[in-house]
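Notes follow once the structure below has been shown.
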Amino acid sequence: MDNASKYIADGKAVLGMELGSTRIKAVLIGEDFSVLAAGSHEWANELKDGVWTYPLEAVWAGVQDAYKKMAAGVKKEYGVTLTKIRAAGFSAMMHGYLVFGKDGKQLVPFRTWRNTSTGRAAEQLSQAFSFNIPQRWSIAHLYQAALDGEKHVKDVSYMTTLAGYVHWKLTGIKTVGTGEASGMFPLDCRINDYDADMLEKFDALIKARGPFTQFRIKDILPKVSCAGANAGTLTKEGALLLDPSGNLMPGALLCPPEGDAGTGMVATNSVAQKTGNVSAGTSVFAMLVLDKPLKKVYPEIDIVATPDGMPVAMVHCNTCTSDINAWAGLFNEVIKAAGADIPQGKLMILLFTASLSGDADCGGLMNYNYFSGEPVTGLSEGRPLFARKPDAAFTLANFMKTQLYSALATLRIGMEILKPENIGIANICGHGGFFKTKEAGQRAMAAAVNAPVTVMENAGEGGAWGIALLAAYAADSGGESLPGFLNSRVFKNAKASVIKPRKSDTESFDRFMERYKAGLKAERAAAECL
């Protein structure tokens with residue numbers, strides 16, 4: 001305790017913050033990379049005029065609240081007022097569309113990764129580039145706006161992501177990390193920069209749109225910065241924006257801002273070739289680090305990069321735990337109506353644990369958890385849908401097992417697409433809220449991917465811890481590679497549990513998937529009719 005107090009007082013601790021879809025979390029890490037203090041802020045996206053968005057005012061209110069709670073934890077636990085930090089990093093949900101004019105003012109509301117209105121742009125760009133451009137990517141949003149003749153396009157001076165925006169306001173530097181950049185525009189991983197040939201092709205496409213010829217795409221994209229780089233320092237204005245109390249001093253080194261995929265890879269030590277991880281929370285995605293290019297282009301598979309520039313095959317699904325959270329909220333209402341009270345965390349443990357005793361066929365129940373469109377299964381809109389036959393075994397155990405399987409079903413479909421590639425990843429490391437309950441989420445994931453699933457002791461810390469590690473790496477890498485830094489210094493004595501797929505579980509999941517795929521017609525009909 002005394003050592004930690006002195007470490008913090010001497011300004012040596014490192015800050016990491018991630019703006020997730022439902023929670024903004026701040027963590028402060030110490031000399032051994034463990035979390036000294038944490039704070040969080042709950043928030044939610046808004047569906048406004050048909051667009052999933054977060055107002056920028058909510059961004060700063062959440063950032064300040066999470067930091068304030070973390071700093072209060074430092075004061076309470078260690079008796080130290082947090083005034084100085086050695087380094088910091090900021091991460092957020094990837095992709096999306098944040099554009100600003102020459103005066104620095106936002107041109108249109110933030111369009112998040114969850115929007116699936118860019119199908120025409122994604123298809124045309126994918127064809128022009130011979131490279132898959134998903135609907136979530138920033139470049140797809142920009143080109144769709146041009147296709148739709150949106151007037152603001154000609155005024156775009158800067159386009160970035162949520163993490164890039166926060167970093168810009170705290171440092172004055174317009175940059176993003178390699179992994180984050182790879183979800184904006186295709187990268188050439190040989191040089192860790194945007195693909196020059198595709199930049200030229202995009203400029204030709206945008207010029208053909210007529211009035212949208214005021215910029216070259218390279219000029220409005222943020223600079224690409226590789227892991228370990230000094231991406232600026234916290235300015236006086238930035239320190240006050242982060243900590244309005246005025247206690248925090250400027251000057252901390254900031255690492256390149258990264259997306260939640262990149263921080264997830266770091267937090268699970270999955271940045272080396274032939275390693276893989278699954279992040280499971282509001283969305284779910286698998287990141288498989290490649291040792292050779294894929295044989296073909298798959299419209300369902302993103303090619304992105306690790307924070308240090310290694311190519312990654314990404315299977316991204318828009319929805320994972322949102323439906324589970326919604327049902328948990330309903331159950332909580334019932335509990336409160338009965339005059340009882342169960343903390344949300346305990347309730348989630350009870351529900352997840354119940355799934356372990358579900359029937360092999362989930363009692364004949366079926367669920368589709370789509371809150372939004374899902375490109376992997378070709379849906380442009382989603383409708384959460386639960387169904388059962390009159391004679392189904394409608395029990396809590398079967399209901400929750402169905403919910404967990406449904407949360408992973410689209411990921412399974414995406415992983416099946418990659419089978420011919422023989423990528424050869426023998427183990428998947430899982431992190432995120434889906435794995436907080438011991439065994440339940442891990443067993444379901446092992447059944448879904450038919451591979452051992454490792455969950456580390458710190459899996460619940462997720463991306464905020466991952467970006468803190470990247471900040472520590474930028475401050476003191478000692479010339480070591482990122483995989484070497486993680487292996488030799490961070491995860492050397494890491495505790496983890498491994499669950500191998502059980503034959504009964506994989507057979508159960510396979511049976512579920514047969515019914516799930518057959519029932520997708522009902523989900524499509526729901527999206528059309530409801």
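We label chains A, B, ... in the order they appear in the structure tokens, count residues from 1 in each chain, and number ligands from 1 in the order shown.
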
Listing only residues of stretch 224-294 of chain A within 12 Å of stretch 487-509 of chain A, what is the closest atom pair and its distance in Å (to one decimal) for each, using only C-alpha atoms, sorted by chain and residue number ascending, as JSON lines?
{"residue": "A:Val266", "atom": "CA", "partner": "A:Val490", "partner_atom": "CA", "distance": 10.1}
{"residue": "A:Ala267", "atom": "CA", "partner": "A:Phe491", "partner_atom": "CA", "distance": 9.5}
{"residue": "A:Thr268", "atom": "CA", "partner": "A:Phe491", "partner_atom": "CA", "distance": 9.0}
{"residue": "A:Asn269", "atom": "CA", "partner": "A:Phe491", "partner_atom": "CA", "distance": 7.4}
{"residue": "A:Ser270", "atom": "CA", "partner": "A:Asn487", "partner_atom": "CA", "distance": 10.1}
{"residue": "A:Val271", "atom": "CA", "partner": "A:Asn487", "partner_atom": "CA", "distance": 10.3}
{"residue": "A:Ala272", "atom": "CA", "partner": "A:Asn487", "partner_atom": "CA", "distance": 10.0}

Kindly export the residues of the current selection with N, CA and C atoms, as a PDB file, in the first residue's frame.
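And here's result_3.pdb as it stands now:
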ATOM      1  N   VAL A 266      -4.595  -6.576 -27.008  1.00  0.00           N
ATOM      2  CA  VAL A 266      -3.537  -6.335 -26.027  1.00  0.00           C
ATOM      3  C   VAL A 266      -3.919  -6.928 -24.672  1.00  0.00           C
ATOM      4  N   ALA A 267      -5.164  -6.708 -24.246  1.00  0.00           N
ATOM      5  CA  ALA A 267      -5.611  -7.168 -22.927  1.00  0.00           C
ATOM      6  C   ALA A 267      -5.646  -8.686 -22.817  1.00  0.00           C
ATOM      7  N   THR A 268      -5.644  -9.376 -23.945  1.00  0.00           N
ATOM      8  CA  THR A 268      -5.663 -10.840 -23.936  1.00  0.00           C
ATOM      9  C   THR A 268      -4.352 -11.424 -24.453  1.00  0.00           C
ATOM     10  N   ASN A 269      -3.337 -10.569 -24.622  1.00  0.00           N
ATOM     11  CA  ASN A 269      -2.027 -11.014 -25.124  1.00  0.00           C
ATOM     12  C   ASN A 269      -2.174 -11.768 -26.438  1.00  0.00           C
ATOM     13  N   SER A 270      -2.947 -11.181 -27.354  1.00  0.00           N
ATOM     14  CA  SER A 270      -3.231 -11.829 -28.639  1.00  0.00           C
ATOM     15  C   SER A 270      -2.817 -10.929 -29.795  1.00  0.00           C
ATOM     16  N   VAL A 271      -1.560 -10.484 -29.798  1.00  0.00           N
ATOM     17  CA  VAL A 271      -1.070  -9.623 -30.870  1.00  0.00           C
ATOM     18  C   VAL A 271      -0.050 -10.320 -31.761  1.00  0.00           C
ATOM     19  N   ALA A 272       0.442 -11.477 -31.344  1.00  0.00           N
ATOM     20  CA  ALA A 272       1.419 -12.205 -32.147  1.00  0.00           C
ATOM     21  C   ALA A 272       0.708 -13.034 -33.213  1.00  0.00           C
TER      22      ALA A 272
END

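Using only C-alpha atoms, the smallest distance between any of A:Lys25, A:Arg515, A:Arg120, A:Lys68 and A:Cys362 comes from A:Arg515.
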
Can you pull out every residue from stretch 274-309 of chain A that DSSP, working from the backbone, puts in strand (DSSP E), and format the result as a PyMOL selection string?
chain A and resi 276-280+284-289+302-305

Choose the residue, out of A:Leu199, A:Val14, A:Leu241, A:Val297, that has the smallest atom-to-atom separation from A:Gln127; count only C-alpha atoms.
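Of A:Leu199, A:Val14, A:Leu241, A:Val297, the one nearest A:Gln127, counting only C-alpha atoms, is A:Val297.
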
List the spatial neighbours of stretch 368-373 of chain A as an MDAnalysis selection string - criterion: any atom at most 7 Å away, only C-alpha atoms, same-chain residues fewer than 4 positions off excluded.
chainID A and resid 114 116 319 323 379:386 406:407 523
